[in-house]
Amino acid sequence: MGIALTMAWRNLWRNPRRTWLTVSAIGFVTVLMIFLITIQLGSYDMIIDSSLRIFTGQLQVQRAGYLDKPQIRNSVPDARGLADRLRALPAFETTGVAVRAFGFALASSGTRSYGVQVAGVEPRFEPRVSTIPKLIETGRYFDSIDAQEAVVGATLARNLKLKVGDELTLLGSARDGSVAATIVPVVGVFRSGVAEVDRHLVQLPLTTFQQVFGMGDAAHAIVFLAPNLEALPVIEREANARLPPNQNLVVLDWNRLVPGLKQLIQADWTTGWFMYVALILVVTFSILNTFIMSVLERTREFGIMLALGTAPVRIGVLVVLESALLAAVGLAVGLAIGVSVAFYFYLYGFTFPGMQELYGQYGLPGVLYPQLSFVSVALGPLVIFGFILLASLYPTLRIRRLNAVEAMHAI
Amino acid sequence: MKSSVSSYSPIRFAKLLLVAALAIALPAQAQDAGSQEARALIKAAIDYWRDTSSYSVAEMTIHRPDWERQMTIRVWTRGAKQSLVRVVAPPKDVGNATLLVGNEMWTFNPKINRVLKIPSSMMNQSWMGSDFSNNDLAKADDLIDQYTHRLLRTETSNGHKLYVIESRPKEFAPVVWGREVETVRDDYVLLEHAFYDQAGELIKKLTTQDIRLMGGKTIATKQRMQRVDKPGEWTEVTTNEARFGIDIASSFFTQSNLRNPRE
Amino acid sequence: MPIGKFTLLTTLAWRNLWRHTRRTAVMIFALALGVWAMIAMAAFIRGWMGEYIHKEIMNLTGHVQIHATDYRDDPSVVHRLPLTTGLLEKTLSEKPVTAWDARVRVPGVIASERESAGVEIVGIDPAAERGLSFIDGAIVEGRDLESPDDPSAVIGRELAERLETQVGRRVVLTSQDANNEIADRGFRVVGIFRAEPEAVETGYVFIGRRIAQQMLKIGDDVSEIAVMTRDRERLDALVARLRAAAPGRDVAPWTEIRPILVLTQKVNNVVLLIWFAVVFAAMSFGLINTLLMAIFERTREFGLFQALGMPPRYILQQVLIESLILLMIGLAVGNLAAWATVVGLRDGVDLSRFAEGLALVGMSPVIYPKLDESDIVASNVIVIVLGVLASLYPAWRAARRVPVEAITRV
């Protein structure tokens with residue numbers, strides 16, 4: 001093997017220009033793949049993250065069955081107590097944990113009324129699981145957990161013709177079915193960019209909500225938001241372990257909370273690969289000639305080797321090794337440049353004109369960060385390597401048909 | 001908008017509350033299966049309950065598998081189209097009131113001190129958490145004109161003749177039910193009202209469990225509304241006091257009175 | 001260069017190419033593959049994008065919408081406009097309008113025996129919706145509405161399932177009428193439709209327009225007028241005429257109602273151009289390599305030509321012509337292959353195995369490729385121009401003064 005490797009390497013450099021051109025081709029495609037894949041995966045991370053950060057969170061503890069049928073009676077008992085206990089654990093040190101309660105009510109001001117979702121939140125912890133407190137357009141967020149105040153979405157405020165300081169009337173059903181009613185001043189108006197949220201969401205401080213809707217100390221969800229998605233499995237395990245028994249509580253991850261997001265990403269990933277494979281094919285065929293040429297022009301040489309007793313299979317191995325080394329060099333160059341480029345954007349972010357507008361529509365930032373991981377970086381190169389090896393099989397197979405005597409007569 | 005689904009039947013809640021019992025035993029009708037007769041029976045039963053006007057005090061018990069709640073309410077009615085309900089107990093619900101004029105509904109809540117009109121989107125919601133929806137209260141007398149009726153059979157029980165009537169909603173009636181079956185006694189007390197979906201399956205039933213003399217009439221004083229698929233959930237209304245043919249003005253049934261009770 | 005010489009060089013170029021059949025064939029194949037990838041991919045992306053936009057437009061958006069001024073902010077019965085008369089009617093009956101309908105669109109509640117749901121009630125003239133929106137032809141069970149006076153309702157499959165109802169049953173629709181009073185009525189479900197995204201199946205209930213007007217007590221008024229034309233990219237003139245014919249109304253083209261589509265289209269164009277460049281770059285390595293190899297193995301030959309008196313520039317031109325022939329054949333084959341692919345897959349490529357979630361968000365899992373002339377022109381131009389440019393280096397190398405030793409090289 002050692003001899004074959006040395007020979008393969010030296011063979012490559014017998015024609016430096018050809019080798020370099022091929023290496024450049026492979027390098028070019030490798031850089032492209034690394035860049036595109038890391039950006040694509042980074043964009044998914046961003047889309048998931050951004051969608052979840054607005055309000056849903058990455059994980060929620062709820063009463064079993066609440067997700068499918070959100071009835072106000074399906075509540076989590078002593079929610080604040082449970083949340084406090086979880087927060088104190090070291091595993092949740094960097095994770096935001098906040099309690100929420102939900103109810104349905106009629107919001108009215110003057111002659112118009114709209115059905116809205118009312119969410120009771122913990123003002124101190126809510127900013128760590130949702131971006132809405134930071135998206136306040138006018139006014140401010142809540143100061144205390146029992147303040148008699150409300151925060152509403154911008155579209156709802158516009159439809160009800162409410163400004164900061166105006167009174168909002170809420171009329172709904174309490175947990176035991178009796179009337180839940182209150183009038184509170186609007187202290188803040190938020191704009192999340194998500195139409196559903198801006199049109200239908202009203203927030204109250206948690207204790208106020210619990211009083212108005214007769215919840216006692218119960219709520220409906222404990223929301224978790226970790227700095228990134230990788231930490232999620234650990235958090236899920238810890239939360240599951242700490243759930244009080246006999247309360248029929250479940251831990252739900254974002255796949256269940258926002259179905260469709262995962263499939264959307266899968267779809268994009270699949271269509272992306274159609275394009276990548278097409279590109280790799282083009283390059284492979286493009287350099288196929290190089291391989292063929294480099295075998296054909298050495299017909300005489302191979303003929304002599306055969307005549308001297310080399311087994312045809314060893315020549316085949318030689319050729320394959322050449323291709324492999326060629327690919328390796330190309331990949332190495334490509335990796336070096338590709339990773340640098342990806343790293344650069346990792347530090348400074350990637351954006352193109354119009355991106356802010358396009359993503360802003362969904363409340364997403366206009367900057368992308370590539371996902372740097374072993375998989376994201378190695379995936380492209382691995383596929384390229386595979387294709388190139390396959391391509392090198394064609395000339396290799398021709399060698400088997402070589403007849404030593406005829407070969408030696410070739411020019 | 002997601003509406004919480006609790007009750008969706010045009011069950012005549014008003015019939016429960018507006019119990020009017022005059023001991024007028026109309027002569028037993030001829031056993032005529034014609035729809036005119038059946039319709040007349042239904043109309044008579046409803047008229048019997050609502051009377052020209054009424055006042056009653058009732059206790060509503062809402063029962064669920066894991067809890068139970070009780071409310072005391074006062075009800076005034078005038079003719080077929082006007083009703084006012086006020087909650088007088090428990091203390092946290094006191095002052096809540098509902099006004100019905102025609103098909104429209106307003107609610108008053110002392111905490112917010114506002115009269116709010118119930119929009120169409122909330123008409124399917126339950127009234128005060130019970131098994132009756134806002135629609136049930138508002139569309140009390142739809143039963144007469146929006147359906148075609150037919151007498152199914154007559155039975156005898158405890159010395160009374162019972163008329164079992166089937167009512168089918170007319171083609172464009174705003175009624176979700178396939179058909180409803182009422183059992184009316186010969187003294188016009190409603191014994192049972194059953195609701196079937198359009199495939200013929202029984203969904204819910206209102207049953208009279210106690211009949212007494214009150215305010216001069218024999219009326220159903222205890223009625224229970226129950227869904228067939230949820231045996232642990234029901235609402236029961238027990239009437240403790242009733243007066244009929246009282247003197248009450250139309251101006252009683254206004255939004256301003258809803259807010260500032262003069263009674 | 002005199003024609004005679006041109007013919008000579010071309011003949012030489014042509015014969016040279018076919019001296020190494022396999023090499024030339026592989027190169028042509030590589031070029032064709034690249035060109036195919038450019039055009040076919042572009043066709044799929046365009047087709048997908050076009051489909052997406054088309055779907056959005058058919059989901060009741062239309063090409064142009066006319067409303068009362070505040071309707072888009074607050075789509076309720078309060079903001080309505082009277083049915084068309086006079087100038088507006090006339091404008092709508094002329095080209096380029098191909099279809100239009102006046103609709104009642106208000107929020108409401110639909111209820112069955114077991115469930116109720118918030119929906120948008122859409123009162124239409126079913127005949128007018130042909131060619132205007134998805135509802136014509138979307139029925140999978142039962143029948144369409146027959147006229148604006150049809151007292152029945154047509155609902156989506158998903159909604160029917162949620163309500164646990166079916167064709168032949170009655171549902172109750174409730175809404176607010178013009179006097180802010182409850183308006184409700186029973187409707188027999190006569191048809192079930194399918195649509196994407198799922199939100200359309202659960203969100204819209206179609207009834208006859210006149211019935212809707214009666215139920216809501218709005219006389220002859222409607223909520224919107226939706227218009228379809230021949231070309232969704234050229235609406236300015238029509239919009240201007242409609243605005244003149246309907247003063248005081250909100251007349252908006254789809255680009256205003258769904259600006260995100262326009263933006264996505266623009267981004268797509270950029271992406272495609274980049275794709276072309278990238279594919280070409282990938283091909284060019286092979287092209288240059290092959291040309292260089294061919295040239296080096298003909299050093300003796302070129303030396304001989306030079307010794308015989310051929311000007312170097314002829315050699316350069318000959319090589320360029322060789323390259324040009326390669327490119328043109330490659331282009332021809334590639335274009336043909338792309339065209340064949342598009343025609344062969346005209347009935348669409350079904351991606352549903354790979355992407356179940358697409359239907360959820362309204363993207364059809366079936367892609368219909370669509371050839372766009374500008375894509376074909378762009379890709380061909382890029383390949384020829386850049387191809388020739390890339391060949392300059394090898395051609396130049398070939399034309400350099402060849403030392404005598406080279407002629408004697410083996």
# chains A, B, ... in the order shown; residues from 1 in each chain; ligands from 1
>>> interface_residues(of="chain A", to="chain B", cutoff="8 Å", atoms="only C-alpha atoms", output="list in words")
Gln71, Ser113, Gly115, Val116, Thr169, Ser173, Asp176, Gly177, Ser178, Val179, Ala181, Thr182 and Ile183 of chain A
>>> write_last_selection(atoms="N, CA and C atoms", output="PDB file, in the first residue's frame")
ATOM      1  N   GLN A  71     -59.250  24.123  27.604  1.00  0.00           N
ATOM      2  CA  GLN A  71     -60.311  24.586  28.491  1.00  0.00           C
ATOM      3  C   GLN A  71     -59.703  25.132  29.763  1.00  0.00           C
ATOM      4  N   SER A 113     -66.422  45.246  19.770  1.00  0.00           N
ATOM      5  CA  SER A 113     -65.875  44.262  20.693  1.00  0.00           C
ATOM      6  C   SER A 113     -65.264  43.132  19.895  1.00  0.00           C
ATOM      7  N   GLY A 115     -63.276  39.136  20.208  1.00  0.00           N
ATOM      8  CA  GLY A 115     -62.868  38.007  21.029  1.00  0.00           C
ATOM      9  C   GLY A 115     -61.347  38.019  21.105  1.00  0.00           C
ATOM     10  N   VAL A 116     -60.808  37.918  22.282  1.00  0.00           N
ATOM     11  CA  VAL A 116     -59.354  37.935  22.439  1.00  0.00           C
ATOM     12  C   VAL A 116     -58.911  36.816  23.353  1.00  0.00           C
ATOM     13  N   THR A 169     -62.142  46.993  28.549  1.00  0.00           N
ATOM     14  CA  THR A 169     -63.111  46.172  29.257  1.00  0.00           C
ATOM     15  C   THR A 169     -62.971  44.725  28.813  1.00  0.00           C
ATOM     16  N   SER A 173     -65.271  34.084  30.714  1.00  0.00           N
ATOM     17  CA  SER A 173     -65.736  33.046  31.632  1.00  0.00           C
ATOM     18  C   SER A 173     -64.620  32.678  32.577  1.00  0.00           C
ATOM     19  N   ASP A 176     -64.700  28.571  37.068  1.00  0.00           N
ATOM     20  CA  ASP A 176     -65.881  27.828  37.487  1.00  0.00           C
ATOM     21  C   ASP A 176     -67.099  28.179  36.642  1.00  0.00           C
ATOM     22  N   GLY A 177     -66.873  28.910  35.599  1.00  0.00           N
ATOM     23  CA  GLY A 177     -67.968  29.209  34.689  1.00  0.00           C
ATOM     24  C   GLY A 177     -68.641  30.533  34.957  1.00  0.00           C
ATOM     25  N   SER A 178     -68.367  31.110  36.119  1.00  0.00           N
ATOM     26  CA  SER A 178     -69.015  32.393  36.400  1.00  0.00           C
ATOM     27  C   SER A 178     -68.386  33.486  35.546  1.00  0.00           C
ATOM     28  N   VAL A 179     -68.931  34.671  35.671  1.00  0.00           N
ATOM     29  CA  VAL A 179     -68.465  35.761  34.830  1.00  0.00           C
ATOM     30  C   VAL A 179     -67.115  36.269  35.312  1.00  0.00           C
ATOM     31  N   ALA A 181     -64.900  39.452  34.796  1.00  0.00           N
ATOM     32  CA  ALA A 181     -65.007  40.772  34.196  1.00  0.00           C
ATOM     33  C   ALA A 181     -64.069  41.730  34.877  1.00  0.00           C
ATOM     34  N   THR A 182     -63.524  42.644  34.106  1.00  0.00           N
ATOM     35  CA  THR A 182     -62.681  43.664  34.697  1.00  0.00           C
ATOM     36  C   THR A 182     -62.508  44.811  33.715  1.00  0.00           C
ATOM     37  N   ILE A 183     -62.220  45.970  34.263  1.00  0.00           N
ATOM     38  CA  ILE A 183     -61.824  47.109  33.429  1.00  0.00           C
ATOM     39  C   ILE A 183     -60.460  47.537  33.908  1.00  0.00           C
TER      40      ILE A 183
END
>>> select_by_dssp(residues="segment 98-251 of chain C", states="helix (DSSP H, G or I)", output="ChimeraX atom specification")
/C:157-163,198-203,209-216,236-245
>>> interface_residues(of="chain C", to="chain B", cutoff="6 Å", atoms="only C-alpha atoms", output="JSON, numbers by chain")
{"C": [109, 112, 113, 118, 171, 172, 175, 176, 182, 184, 185, 186, 187]}
>>> closest_residue(among="A:Thr6, A:Gln263, A:Gln148, A:Thr351", to="chain C", atoms="only C-alpha atoms")
A:Gln263
>>> interface_residues(of="chain A", to="chain C", cutoff="6 Å", atoms="only C-alpha atoms", output="PyMOL selection string")
chain A and resi 25+260+263-264+267+282-283+285-287
>>> residues_around(residues="segment 91-99 of chain A", least_positions_apart="5", cutoff="6 Å", atoms="only C-alpha atoms", output="ChimeraX atom specification")
/A:125-126,128-129,221-226
>>> residues_around(residues="Leu371 of chain C", least_positions_apart="3", cutoff="10 Å", atoms="only C-alpha atoms", output="PyMOL selection string")
chain C and resi 39-47+338-339+342-343+368+374-376
>>> select_by_dssp(residues="segment 83-210 of chain B", states="strand (DSSP E or B)", output="mmCIF file with N, CA and C atoms, in the first residue's frame")
data_model
loop_
_atom_site.group_PDB
_atom_site.id
_atom_site.type_symbol
_atom_site.label_atom_id
_atom_site.label_comp_id
_atom_site.auth_asym_id
_atom_site.auth_seq_id
_atom_site.Cartn_x
_atom_site.Cartn_y
_atom_site.Cartn_z
ATOM 1 N N SER B 83 -87.189 39.182 28.752
ATOM 2 C CA SER B 83 -86.790 38.502 29.981
ATOM 3 C C SER B 83 -85.629 39.233 30.613
ATOM 4 N N LEU B 84 -85.589 39.148 31.957
ATOM 5 C CA LEU B 84 -84.463 39.724 32.695
ATOM 6 C C LEU B 84 -84.078 38.735 33.773
ATOM 7 N N VAL B 85 -82.784 38.436 33.847
ATOM 8 C CA VAL B 85 -82.317 37.493 34.868
ATOM 9 C C VAL B 85 -81.287 38.204 35.716
ATOM 10 N N ARG B 86 -81.431 38.062 37.029
ATOM 11 C CA ARG B 86 -80.428 38.663 37.916
ATOM 12 C C ARG B 86 -79.926 37.626 38.893
ATOM 13 N N VAL B 87 -78.627 37.603 39.097
ATOM 14 C CA VAL B 87 -78.035 36.656 40.042
ATOM 15 C C VAL B 87 -78.000 37.303 41.420
ATOM 16 N N VAL B 88 -78.521 36.576 42.424
ATOM 17 C CA VAL B 88 -78.512 37.156 43.770
ATOM 18 C C VAL B 88 -77.619 36.387 44.733
ATOM 19 N N ALA B 89 -77.159 35.242 44.331
ATOM 20 C CA ALA B 89 -76.235 34.494 45.182
ATOM 21 C C ALA B 89 -75.430 33.554 44.277
ATOM 22 N N ALA B 97 -76.280 40.340 35.572
ATOM 23 C CA ALA B 97 -77.643 40.280 35.053
ATOM 24 C C ALA B 97 -77.620 40.129 33.547
ATOM 25 N N THR B 98 -78.670 39.528 33.039
ATOM 26 C CA THR B 98 -78.791 39.313 31.593
ATOM 27 C C THR B 98 -80.152 39.787 31.132
ATOM 28 N N LEU B 99 -80.165 40.559 30.053
ATOM 29 C CA LEU B 99 -81.424 41.063 29.500
ATOM 30 C C LEU B 99 -81.628 40.481 28.118
ATOM 31 N N LEU B 100 -82.855 39.991 27.889
ATOM 32 C CA LEU B 100 -83.165 39.475 26.563
ATOM 33 C C LEU B 100 -84.365 40.207 26.010
ATOM 34 N N VAL B 101 -84.198 40.768 24.823
ATOM 35 C CA VAL B 101 -85.327 41.369 24.123
ATOM 36 C C VAL B 101 -85.264 40.849 22.701
ATOM 37 N N GLU B 104 -81.935 39.471 20.845
ATOM 38 C CA GLU B 104 -80.719 40.150 21.284
ATOM 39 C C GLU B 104 -80.521 39.974 22.780
ATOM 40 N N MET B 105 -79.265 40.039 23.164
ATOM 41 C CA MET B 105 -78.904 39.748 24.549
ATOM 42 C C MET B 105 -77.871 40.747 25.059
ATOM 43 N N TRP B 106 -78.108 41.257 26.262
ATOM 44 C CA TRP B 106 -77.133 42.150 26.866
ATOM 45 C C TRP B 106 -76.753 41.599 28.224
ATOM 46 N N THR B 107 -75.556 41.896 28.658
ATOM 47 C CA THR B 107 -75.149 41.446 29.971
ATOM 48 C C THR B 107 -74.623 42.617 30.777
ATOM 49 N N PHE B 108 -74.850 42.557 32.081
ATOM 50 C CA PHE B 108 -74.340 43.601 32.948
ATOM 51 C C PHE B 108 -73.504 42.952 34.034
ATOM 52 N N ASN B 109 -72.356 43.521 34.294
ATOM 53 C CA ASN B 109 -71.499 43.007 35.345
ATOM 54 C C ASN B 109 -71.124 44.143 36.285
ATOM 55 N N ARG B 114 -70.596 47.931 33.398
ATOM 56 C CA ARG B 114 -70.947 48.241 32.016
ATOM 57 C C ARG B 114 -72.000 47.269 31.522
ATOM 58 N N VAL B 115 -72.793 47.777 30.591
ATOM 59 C CA VAL B 115 -73.717 46.904 29.883
ATOM 60 C C VAL B 115 -73.054 46.561 28.551
ATOM 61 N N LEU B 116 -72.908 45.281 28.283
ATOM 62 C CA LEU B 116 -72.275 44.869 27.030
ATOM 63 C C LEU B 116 -73.247 44.034 26.230
ATOM 64 N N LYS B 117 -73.277 44.303 24.942
ATOM 65 C CA LYS B 117 -74.133 43.479 24.096
ATOM 66 C C LYS B 117 -73.363 42.223 23.723
ATOM 67 N N SER B 126 -71.561 29.222 26.704
ATOM 68 C CA SER B 126 -72.527 28.830 27.726
ATOM 69 C C SER B 126 -72.916 30.032 28.575
ATOM 70 N N SER B 133 -76.739 27.421 26.593
ATOM 71 C CA SER B 133 -75.974 28.454 25.898
ATOM 72 C C SER B 133 -76.772 29.737 25.850
ATOM 73 N N TYR B 147 -90.231 25.259 13.494
ATOM 74 C CA TYR B 147 -90.285 23.805 13.337
ATOM 75 C C TYR B 147 -91.634 23.376 12.790
ATOM 76 N N THR B 148 -91.646 22.145 12.269
ATOM 77 C CA THR B 148 -92.945 21.519 11.999
ATOM 78 C C THR B 148 -93.099 20.413 13.032
ATOM 79 N N HIS B 149 -94.301 20.300 13.520
ATOM 80 C CA HIS B 149 -94.533 19.369 14.619
ATOM 81 C C HIS B 149 -95.464 18.248 14.223
ATOM 82 N N ARG B 150 -95.279 17.117 14.912
ATOM 83 C CA ARG B 150 -96.234 16.045 14.684
ATOM 84 C C ARG B 150 -96.344 15.218 15.934
ATOM 85 N N LEU B 151 -97.546 14.783 16.185
ATOM 86 C CA LEU B 151 -97.801 14.009 17.393
ATOM 87 C C LEU B 151 -97.386 12.571 17.139
ATOM 88 N N LEU B 152 -96.456 12.084 17.946
ATOM 89 C CA LEU B 152 -95.979 10.722 17.739
ATOM 90 C C LEU B 152 -96.925 9.700 18.343
ATOM 91 N N ARG B 153 -97.252 9.978 19.607
ATOM 92 C CA ARG B 153 -98.142 9.015 20.280
ATOM 93 C C ARG B 153 -98.654 9.653 21.569
ATOM 94 N N THR B 154 -99.641 8.973 22.158
ATOM 95 C CA THR B 154 -100.100 9.397 23.483
ATOM 96 C C THR B 154 -99.865 8.257 24.451
ATOM 97 N N GLU B 155 -99.482 8.630 25.657
ATOM 98 C CA GLU B 155 -99.287 7.615 26.676
ATOM 99 C C GLU B 155 -100.087 8.015 27.900
ATOM 100 N N THR B 156 -100.210 7.082 28.814
ATOM 101 C CA THR B 156 -100.878 7.404 30.069
ATOM 102 C C THR B 156 -99.936 7.073 31.206
ATOM 103 N N SER B 157 -99.979 7.936 32.219
ATOM 104 C CA SER B 157 -99.075 7.710 33.357
ATOM 105 C C SER B 157 -99.612 8.461 34.557
ATOM 106 N N HIS B 160 -102.415 10.758 34.210
ATOM 107 C CA HIS B 160 -102.335 11.852 33.238
ATOM 108 C C HIS B 160 -102.123 11.304 31.845
ATOM 109 N N LYS B 161 -102.604 12.063 30.874
ATOM 110 C CA LYS B 161 -102.341 11.713 29.486
ATOM 111 C C LYS B 161 -101.072 12.438 29.073
ATOM 112 N N LEU B 162 -100.181 11.731 28.379
ATOM 113 C CA LEU B 162 -98.932 12.362 27.932
ATOM 114 C C LEU B 162 -98.893 12.403 26.412
ATOM 115 N N TYR B 163 -98.570 13.564 25.860
ATOM 116 C CA TYR B 163 -98.444 13.708 24.412
ATOM 117 C C TYR B 163 -96.970 13.767 24.046
ATOM 118 N N VAL B 164 -96.582 12.835 23.184
ATOM 119 C CA VAL B 164 -95.188 12.847 22.734
ATOM 120 C C VAL B 164 -95.152 13.453 21.340
ATOM 121 N N ILE B 165 -94.469 14.581 21.223
ATOM 122 C CA ILE B 165 -94.466 15.350 19.977
ATOM 123 C C ILE B 165 -93.064 15.411 19.398
ATOM 124 N N GLU B 166 -93.032 15.205 18.108
ATOM 125 C CA GLU B 166 -91.740 15.341 17.435
ATOM 126 C C GLU B 166 -91.708 16.660 16.687
ATOM 127 N N SER B 167 -90.664 17.426 16.863
ATOM 128 C CA SER B 167 -90.523 18.715 16.180
ATOM 129 C C SER B 167 -89.289 18.696 15.296
ATOM 130 N N ARG B 168 -89.502 18.977 14.032
ATOM 131 C CA ARG B 168 -88.375 19.020 13.101
ATOM 132 C C ARG B 168 -88.144 20.444 12.641
ATOM 133 N N PRO B 169 -86.910 20.906 12.692
ATOM 134 C CA PRO B 169 -86.649 22.289 12.264
ATOM 135 C C PRO B 169 -86.966 22.445 10.787
ATOM 136 N N ARG B 179 -83.806 16.699 15.118
ATOM 137 C CA ARG B 179 -85.181 16.791 15.595
ATOM 138 C C ARG B 179 -85.197 16.868 17.110
ATOM 139 N N GLU B 180 -86.304 17.310 17.609
ATOM 140 C CA GLU B 180 -86.478 17.373 19.054
ATOM 141 C C GLU B 180 -87.780 16.675 19.412
ATOM 142 N N VAL B 181 -87.775 16.041 20.542
ATOM 143 C CA VAL B 181 -88.979 15.305 20.960
ATOM 144 C C VAL B 181 -89.405 15.818 22.328
ATOM 145 N N GLU B 182 -90.621 16.313 22.398
ATOM 146 C CA GLU B 182 -91.126 16.843 23.666
ATOM 147 C C GLU B 182 -92.239 15.942 24.205
ATOM 148 N N THR B 183 -92.207 15.756 25.497
ATOM 149 C CA THR B 183 -93.305 15.019 26.141
ATOM 150 C C THR B 183 -94.078 16.022 26.990
ATOM 151 N N VAL B 184 -95.293 16.287 26.575
ATOM 152 C CA VAL B 184 -96.126 17.289 27.258
ATOM 153 C C VAL B 184 -97.293 16.598 27.959
ATOM 154 N N ARG B 185 -97.512 16.951 29.224
ATOM 155 C CA ARG B 185 -98.624 16.346 29.957
ATOM 156 C C ARG B 185 -99.906 17.065 29.601
ATOM 157 N N LEU B 190 -94.269 20.401 30.771
ATOM 158 C CA LEU B 190 -93.296 19.693 29.929
ATOM 159 C C LEU B 190 -92.543 18.691 30.787
ATOM 160 N N LEU B 191 -92.643 17.441 30.419
ATOM 161 C CA LEU B 191 -91.961 16.423 31.206
ATOM 162 C C LEU B 191 -90.548 16.137 30.701
ATOM 163 N N GLU B 192 -90.421 16.230 29.395
ATOM 164 C CA GLU B 192 -89.109 15.894 28.829
ATOM 165 C C GLU B 192 -88.922 16.593 27.501
ATOM 166 N N HIS B 193 -87.666 16.976 27.224
ATOM 167 C CA HIS B 193 -87.346 17.576 25.929
ATOM 168 C C HIS B 193 -86.024 16.966 25.496
ATOM 169 N N ALA B 194 -86.090 16.185 24.425
ATOM 170 C CA ALA B 194 -84.892 15.481 23.974
ATOM 171 C C ALA B 194 -84.382 16.069 22.665
ATOM 172 N N PHE B 195 -83.062 16.112 22.496
ATOM 173 C CA PHE B 195 -82.432 16.700 21.304
ATOM 174 C C PHE B 195 -81.644 15.637 20.567
ATOM 175 N N TYR B 196 -81.928 15.484 19.296
ATOM 176 C CA TYR B 196 -81.257 14.487 18.476
ATOM 177 C C TYR B 196 -80.479 15.168 17.371
ATOM 178 N N LEU B 202 -79.263 10.586 20.007
ATOM 179 C CA LEU B 202 -79.675 11.452 21.101
ATOM 180 C C LEU B 202 -78.456 12.164 21.673
ATOM 181 N N ILE B 203 -78.500 13.458 21.756
ATOM 182 C CA ILE B 203 -77.371 14.230 22.254
ATOM 183 C C ILE B 203 -77.592 14.685 23.689
ATOM 184 N N LYS B 204 -78.753 15.309 23.950
ATOM 185 C CA LYS B 204 -78.986 15.767 25.312
ATOM 186 C C LYS B 204 -80.474 15.758 25.614
ATOM 187 N N LYS B 205 -80.756 15.844 26.905
ATOM 188 C CA LYS B 205 -82.134 15.719 27.321
ATOM 189 C C LYS B 205 -82.393 16.628 28.514
ATOM 190 N N LEU B 206 -83.562 17.243 28.464
ATOM 191 C CA LEU B 206 -84.004 18.029 29.612
ATOM 192 C C LEU B 206 -85.130 17.239 30.259
ATOM 193 N N THR B 207 -84.978 16.904 31.524
ATOM 194 C CA THR B 207 -86.028 16.108 32.169
ATOM 195 C C THR B 207 -86.581 16.831 33.388
ATOM 196 N N THR B 208 -87.888 16.771 33.530
ATOM 197 C CA THR B 208 -88.550 17.353 34.696
ATOM 198 C C THR B 208 -88.566 16.321 35.803
ATOM 199 N N GLN B 209 -88.078 16.737 36.989
ATOM 200 C CA GLN B 209 -87.999 15.746 38.057
ATOM 201 C C GLN B 209 -88.965 16.009 39.195
ATOM 202 N N ASP B 210 -89.534 17.218 39.208
ATOM 203 C CA ASP B 210 -90.475 17.505 40.278
ATOM 204 C C ASP B 210 -91.528 18.475 39.784
#
